[in-house]
Amino acid sequence: TDDLSEGVDGLLRAEGYGTHDPAFDGEIVVRFAGIEPTVPVVAVDGTVFAQVPLTTGWSEVDPAEYGAPDPAGLMDPDTGFSSLLVATEELEQGEQVRGGTDNRDVLTTYSGTVAGDVVAGIIPSAEGDFAASYTVSDDTELRSMELTGDFYGAGSMTYLVTFDDYGAEPSITAPE
(Lines give C-alpha, C1' and ligand atoms only; values in the text may rest on other atoms or scores of the structure.)
Protein backbone atom coordinates (compact mmCIF):
# COMPACT_ATOMS: atom_id res chain seq x y z
CA THR A 1 0.00 0.00 0.00
CA ASP A 2 0.96 3.62 -0.49
CA ASP A 3 -2.10 4.71 1.52
CA LEU A 4 -1.02 4.07 5.13
CA SER A 5 -1.75 7.30 6.99
CA GLU A 6 1.15 9.13 8.64
CA GLY A 7 1.53 8.14 12.27
CA VAL A 8 -0.20 4.77 11.77
CA ASP A 9 1.81 1.60 12.38
CA GLY A 10 1.07 -1.21 9.96
CA LEU A 11 2.09 -3.37 7.03
CA LEU A 12 3.39 -1.45 4.01
CA ARG A 13 4.69 -4.24 1.75
CA ALA A 14 5.47 -7.93 1.71
CA GLU A 15 7.12 -10.05 -0.93
CA GLY A 16 7.92 -13.70 -0.75
CA TYR A 17 6.68 -17.23 -1.13
CA GLY A 18 3.65 -18.55 0.68
CA THR A 19 2.21 -22.04 0.88
CA HIS A 20 -1.09 -23.47 2.07
CA ASP A 21 0.73 -25.37 4.86
CA PRO A 22 0.52 -22.37 5.83
CA ALA A 23 4.04 -20.97 5.65
CA PHE A 24 5.80 -17.83 4.39
CA ASP A 25 9.40 -16.93 3.52
CA GLY A 26 10.17 -13.42 2.36
CA GLU A 27 10.61 -9.82 3.37
CA ILE A 28 8.14 -7.38 4.86
CA VAL A 29 8.19 -3.64 5.37
CA VAL A 30 6.24 -2.54 8.44
CA ARG A 31 5.95 1.01 9.70
CA PHE A 32 6.59 0.88 13.44
CA ALA A 33 7.45 3.81 15.71
CA GLY A 34 8.17 6.00 12.70
CA ILE A 35 10.65 3.70 10.97
CA GLU A 36 10.07 1.48 7.92
CA PRO A 37 12.67 -1.30 7.89
CA THR A 38 12.80 -4.15 5.40
CA VAL A 39 12.75 -7.28 7.54
CA PRO A 40 13.46 -10.87 6.42
CA VAL A 41 10.68 -13.08 7.82
CA VAL A 42 9.97 -16.81 8.00
CA ALA A 43 6.62 -17.97 9.38
CA VAL A 44 5.97 -21.66 9.84
CA ASP A 45 4.11 -23.93 12.27
CA GLY A 46 2.45 -20.98 14.02
CA THR A 47 5.73 -19.22 14.80
CA VAL A 48 7.07 -16.08 13.13
CA PHE A 49 10.81 -15.48 12.95
CA ALA A 50 12.34 -12.19 11.85
CA GLN A 51 15.74 -10.63 11.50
CA VAL A 52 14.84 -7.64 13.65
CA PRO A 53 16.79 -4.45 12.83
CA LEU A 54 19.74 -3.71 15.12
CA THR A 55 19.90 -7.32 16.33
CA THR A 56 21.81 -10.33 15.08
CA GLY A 57 20.31 -13.57 13.84
CA TRP A 58 16.68 -14.62 13.90
CA SER A 59 14.25 -13.71 16.68
CA GLU A 60 10.80 -15.11 17.42
CA VAL A 61 8.33 -12.21 17.09
CA ASP A 62 4.64 -11.50 17.56
CA PRO A 63 3.55 -9.65 14.39
CA ALA A 64 0.48 -8.25 16.20
CA GLU A 65 2.86 -6.02 18.19
CA TYR A 66 3.68 -4.33 14.88
CA GLY A 67 0.11 -4.07 13.59
CA ALA A 68 0.80 -6.87 11.11
CA PRO A 69 -0.65 -10.34 10.58
CA ASP A 70 1.21 -13.63 10.80
CA PRO A 71 2.38 -13.78 7.16
CA ALA A 72 1.79 -17.55 7.00
CA GLY A 73 -1.84 -16.88 7.88
CA LEU A 74 -2.24 -14.92 4.66
CA MET A 75 -2.08 -18.22 2.80
CA ASP A 76 -4.29 -20.19 5.22
CA PRO A 77 -7.25 -21.46 3.15
CA ASP A 78 -9.70 -20.85 6.03
CA THR A 79 -8.66 -17.37 7.21
CA GLY A 80 -6.28 -15.97 4.58
CA PHE A 81 -6.72 -14.57 1.09
CA SER A 82 -8.74 -17.57 -0.13
CA SER A 83 -11.38 -16.97 2.54
CA LEU A 84 -12.11 -13.53 1.10
CA LEU A 85 -13.14 -14.95 -2.25
CA VAL A 86 -15.92 -17.14 -0.88
CA ALA A 87 -17.05 -14.45 1.58
CA THR A 88 -17.46 -11.74 -1.07
CA GLU A 89 -21.05 -10.51 -1.29
CA GLU A 90 -22.78 -8.78 -4.20
CA LEU A 91 -20.15 -10.27 -6.52
CA GLU A 92 -20.26 -8.88 -10.03
CA GLN A 93 -18.29 -9.99 -13.06
CA GLY A 94 -16.52 -7.20 -14.90
CA GLU A 95 -14.64 -6.98 -18.14
CA GLN A 96 -12.20 -9.42 -19.64
CA VAL A 97 -8.80 -8.06 -20.57
CA ARG A 98 -5.52 -9.43 -21.81
CA GLY A 99 -2.61 -9.51 -19.37
CA GLY A 100 0.21 -11.55 -17.93
CA THR A 101 3.42 -12.31 -19.78
CA ASP A 102 3.21 -10.96 -23.34
CA ASN A 103 -0.55 -10.45 -22.83
CA ARG A 104 -1.13 -14.19 -23.32
CA ASP A 105 -3.69 -14.51 -20.53
CA VAL A 106 -7.36 -13.65 -20.57
CA LEU A 107 -8.16 -12.05 -17.22
CA THR A 108 -11.62 -11.43 -15.79
CA THR A 109 -12.32 -8.88 -13.09
CA TYR A 110 -14.82 -9.44 -10.28
CA SER A 111 -15.90 -6.97 -7.61
CA GLY A 112 -17.97 -7.05 -4.46
CA THR A 113 -17.97 -6.40 -0.73
CA VAL A 114 -16.26 -8.30 2.10
CA ALA A 115 -17.17 -7.91 5.79
CA GLY A 116 -14.51 -6.58 8.14
CA ASP A 117 -14.59 -9.66 10.37
CA VAL A 118 -13.45 -11.72 7.36
CA VAL A 119 -10.78 -9.19 6.36
CA ALA A 120 -9.54 -9.28 9.98
CA GLY A 121 -8.04 -12.68 9.10
CA ILE A 122 -5.62 -10.70 6.93
CA ILE A 123 -5.20 -7.49 8.99
CA PRO A 124 -6.49 -8.09 12.53
CA SER A 125 -7.61 -4.50 13.15
CA ALA A 126 -9.85 -4.34 10.03
CA GLU A 127 -13.31 -2.80 10.65
CA GLY A 128 -16.44 -2.32 8.57
CA ASP A 129 -17.11 -3.41 5.02
CA PHE A 130 -14.39 -3.54 2.35
CA ALA A 131 -14.64 -3.02 -1.39
CA ALA A 132 -12.94 -5.97 -3.09
CA SER A 133 -11.77 -6.40 -6.65
CA TYR A 134 -10.23 -9.60 -8.01
CA THR A 135 -8.53 -10.47 -11.28
CA VAL A 136 -8.76 -14.15 -12.24
CA SER A 137 -7.06 -15.85 -15.19
CA ASP A 138 -8.85 -18.11 -17.65
CA ASP A 139 -7.04 -20.96 -15.82
CA THR A 140 -8.95 -19.88 -12.65
CA GLU A 141 -5.80 -18.57 -10.97
CA LEU A 142 -6.22 -15.52 -8.75
CA ARG A 143 -3.76 -12.97 -10.14
CA SER A 144 -4.58 -9.90 -8.06
CA MET A 145 -6.76 -8.69 -5.22
CA GLU A 146 -7.47 -5.12 -4.24
CA LEU A 147 -9.10 -4.34 -0.89
CA THR A 148 -10.25 -0.89 0.18
CA GLY A 149 -11.53 -0.06 3.65
CA ASP A 150 -10.52 0.77 7.21
CA PHE A 151 -7.68 -1.58 8.14
CA TYR A 152 -6.21 0.32 11.11
CA GLY A 153 -8.97 2.56 12.47
CA ALA A 154 -7.46 5.49 10.58
CA GLY A 155 -9.81 5.75 7.60
CA SER A 156 -10.04 4.10 4.23
CA MET A 157 -6.95 2.83 2.44
CA THR A 158 -6.16 0.27 -0.25
CA TYR A 159 -3.97 -2.82 -0.31
CA LEU A 160 -3.05 -4.39 -3.68
CA VAL A 161 -1.96 -8.04 -3.57
CA THR A 162 -0.55 -9.84 -6.61
CA PHE A 163 -0.05 -13.58 -7.04
CA ASP A 164 2.38 -15.26 -9.39
CA ASP A 165 4.72 -18.26 -9.63
CA TYR A 166 1.79 -20.68 -9.53
CA GLY A 167 3.06 -24.23 -9.31
CA ALA A 168 6.19 -23.28 -7.36
CA GLU A 169 6.72 -25.60 -4.41
CA PRO A 170 9.06 -23.82 -2.02
CA SER A 171 10.28 -25.74 1.01
CA ILE A 172 9.83 -23.38 3.94
CA THR A 173 11.35 -24.32 7.27
CA ALA A 174 12.14 -22.49 10.50
CA PRO A 175 15.53 -20.77 10.50
CA GLU A 176 18.31 -22.42 12.48
# chains A, B, ... in the order shown; residues from 1 in each chain; ligands from 1

call {"tool": "select_by_dssp", "arguments": {"residues": "region 5-175 of chain A", "states": "strand (DSSP E)", "output": "PyMOL selection string"}}
result
chain A and resi 10-19+23-31+38-44+47-50+59-61+89-99+105-115+127-137+142-150+157-162

call {"tool": "residues_around", "arguments": {"residues": "region 72-77 of chain A", "least_positions_apart": "6", "cutoff": "10 Å", "atoms": "only C-alpha atoms", "output": "list in words"}}
result
Tyr17, Gly18, Thr19, His20, Asp21, Pro22, Ala23, Phe24, Asp25, Val41, Val42, Ala43, Val44, Asp45, Gly46, Thr47, Val48, Ser83, Leu84, Gly121, Ile122 and Ile123 of chain A

call {"tool": "residues_around", "arguments": {"residues": "Met157 (chain A)", "least_positions_apart": "2", "cutoff": "10 Å", "atoms": "only C-alpha atoms", "output": "VMD selection string"}}
result
chain A and resid 1 to 5 130 147 to 152 154 to 155 159

call {"tool": "select_by_dssp", "arguments": {"residues": "region 66-122 of chain A", "states": "helix (DSSP H, G or I)", "output": "list in words"}}
result
Tyr66, Pro71, Ala72, Gly73, Leu74, Met75, Phe81, Ser82, Ser83, Leu84, Leu85, Val86, Ala87, Thr101, Asp102, Asn103, Gly116, Asp117, Val118 and Val119 of chain A

call {"tool": "residues_around", "arguments": {"residues": "Phe163 (chain A)", "least_positions_apart": "5", "cutoff": "10 Å", "atoms": "only C-alpha atoms", "output": "tab-separated table (two decimals) with N, CA, C and O atoms, in the first residue's frame"}}
result
chain	number	residue	atom	x	y	z
A	17	TYR	N	7.40	-16.02	-0.76
A	17	TYR	CA	6.68	-17.23	-1.13
A	17	TYR	C	5.79	-17.65	0.02
A	17	TYR	O	6.21	-17.64	1.17
A	18	GLY	N	4.58	-18.03	-0.31
A	18	GLY	CA	3.65	-18.55	0.68
A	18	GLY	C	3.12	-19.89	0.22
A	18	GLY	O	3.04	-20.16	-0.98
A	135	THR	N	-8.82	-10.15	-9.88
A	135	THR	CA	-8.53	-10.47	-11.28
A	135	THR	C	-8.19	-11.95	-11.32
A	135	THR	O	-7.30	-12.41	-10.60
A	141	GLU	N	-6.80	-18.97	-11.94
A	141	GLU	CA	-5.80	-18.57	-10.97
A	141	GLU	C	-6.06	-17.12	-10.56
A	141	GLU	O	-6.21	-16.25	-11.42
A	142	LEU	N	-6.09	-16.88	-9.25
A	142	LEU	CA	-6.22	-15.52	-8.75
A	142	LEU	C	-4.92	-14.79	-9.03
A	142	LEU	O	-3.86	-15.22	-8.59
A	143	ARG	N	-4.97	-13.70	-9.77
A	143	ARG	CA	-3.76	-12.97	-10.14
A	143	ARG	C	-3.58	-11.71	-9.30
A	143	ARG	O	-2.47	-11.30	-9.03
A	144	SER	N	-4.71	-11.08	-8.91
A	144	SER	CA	-4.58	-9.90	-8.06
A	144	SER	C	-5.85	-9.71	-7.24
A	144	SER	O	-6.92	-10.22	-7.59
A	145	MET	N	-5.66	-8.99	-6.14
A	145	MET	CA	-6.76	-8.69	-5.22
A	145	MET	C	-6.52	-7.27	-4.73
A	145	MET	O	-5.40	-6.93	-4.36

call {"tool": "atom_distance", "arguments": {"atom1": "CA of Asp129 (chain A)", "atom2": "CA of Glu6 (chain A)"}}
result
22.4 Å

call {"tool": "residues_around", "arguments": {"residues": "Gly100 (chain A)", "least_positions_apart": "6", "cutoff": "9 Å", "atoms": "only C-alpha atoms", "output": "number ranges by chain"}}
result
A: 106-107, 137, 143

call {"tool": "atom_distance", "arguments": {"atom1": "CA of Val114 (chain A)", "atom2": "CA of Gly167 (chain A)"}}
result
27.5 Å

call {"tool": "closest_residue", "arguments": {"among": "A:Ser156, A:Ser133, A:Ser125, A:Thr55", "to": "Ala68 (chain A)", "atoms": "only C-alpha atoms"}}
result
A:Ser125

call {"tool": "residues_around", "arguments": {"residues": "Tyr134 (chain A)", "least_positions_apart": "2", "cutoff": "7 Å", "atoms": "only C-alpha atoms", "output": "ChimeraX atom specification"}}
result
/A:109-111,132,136,144-146

call {"tool": "residues_around", "arguments": {"residues": "Val39 (chain A)", "least_positions_apart": "2", "cutoff": "9 Å", "atoms": "only C-alpha atoms", "output": "list in words"}}
result
Gly26, Glu27, Ile28, Val29, Val30, Pro37, Val41, Ala50, Gln51, Val52 and Pro53 of chain A

call {"tool": "closest_residue", "arguments": {"among": "A:Thr108, A:Thr79, A:Gly128, A:Pro71", "to": "Gly16 (chain A)", "atoms": "only C-alpha atoms"}}
result
A:Pro71
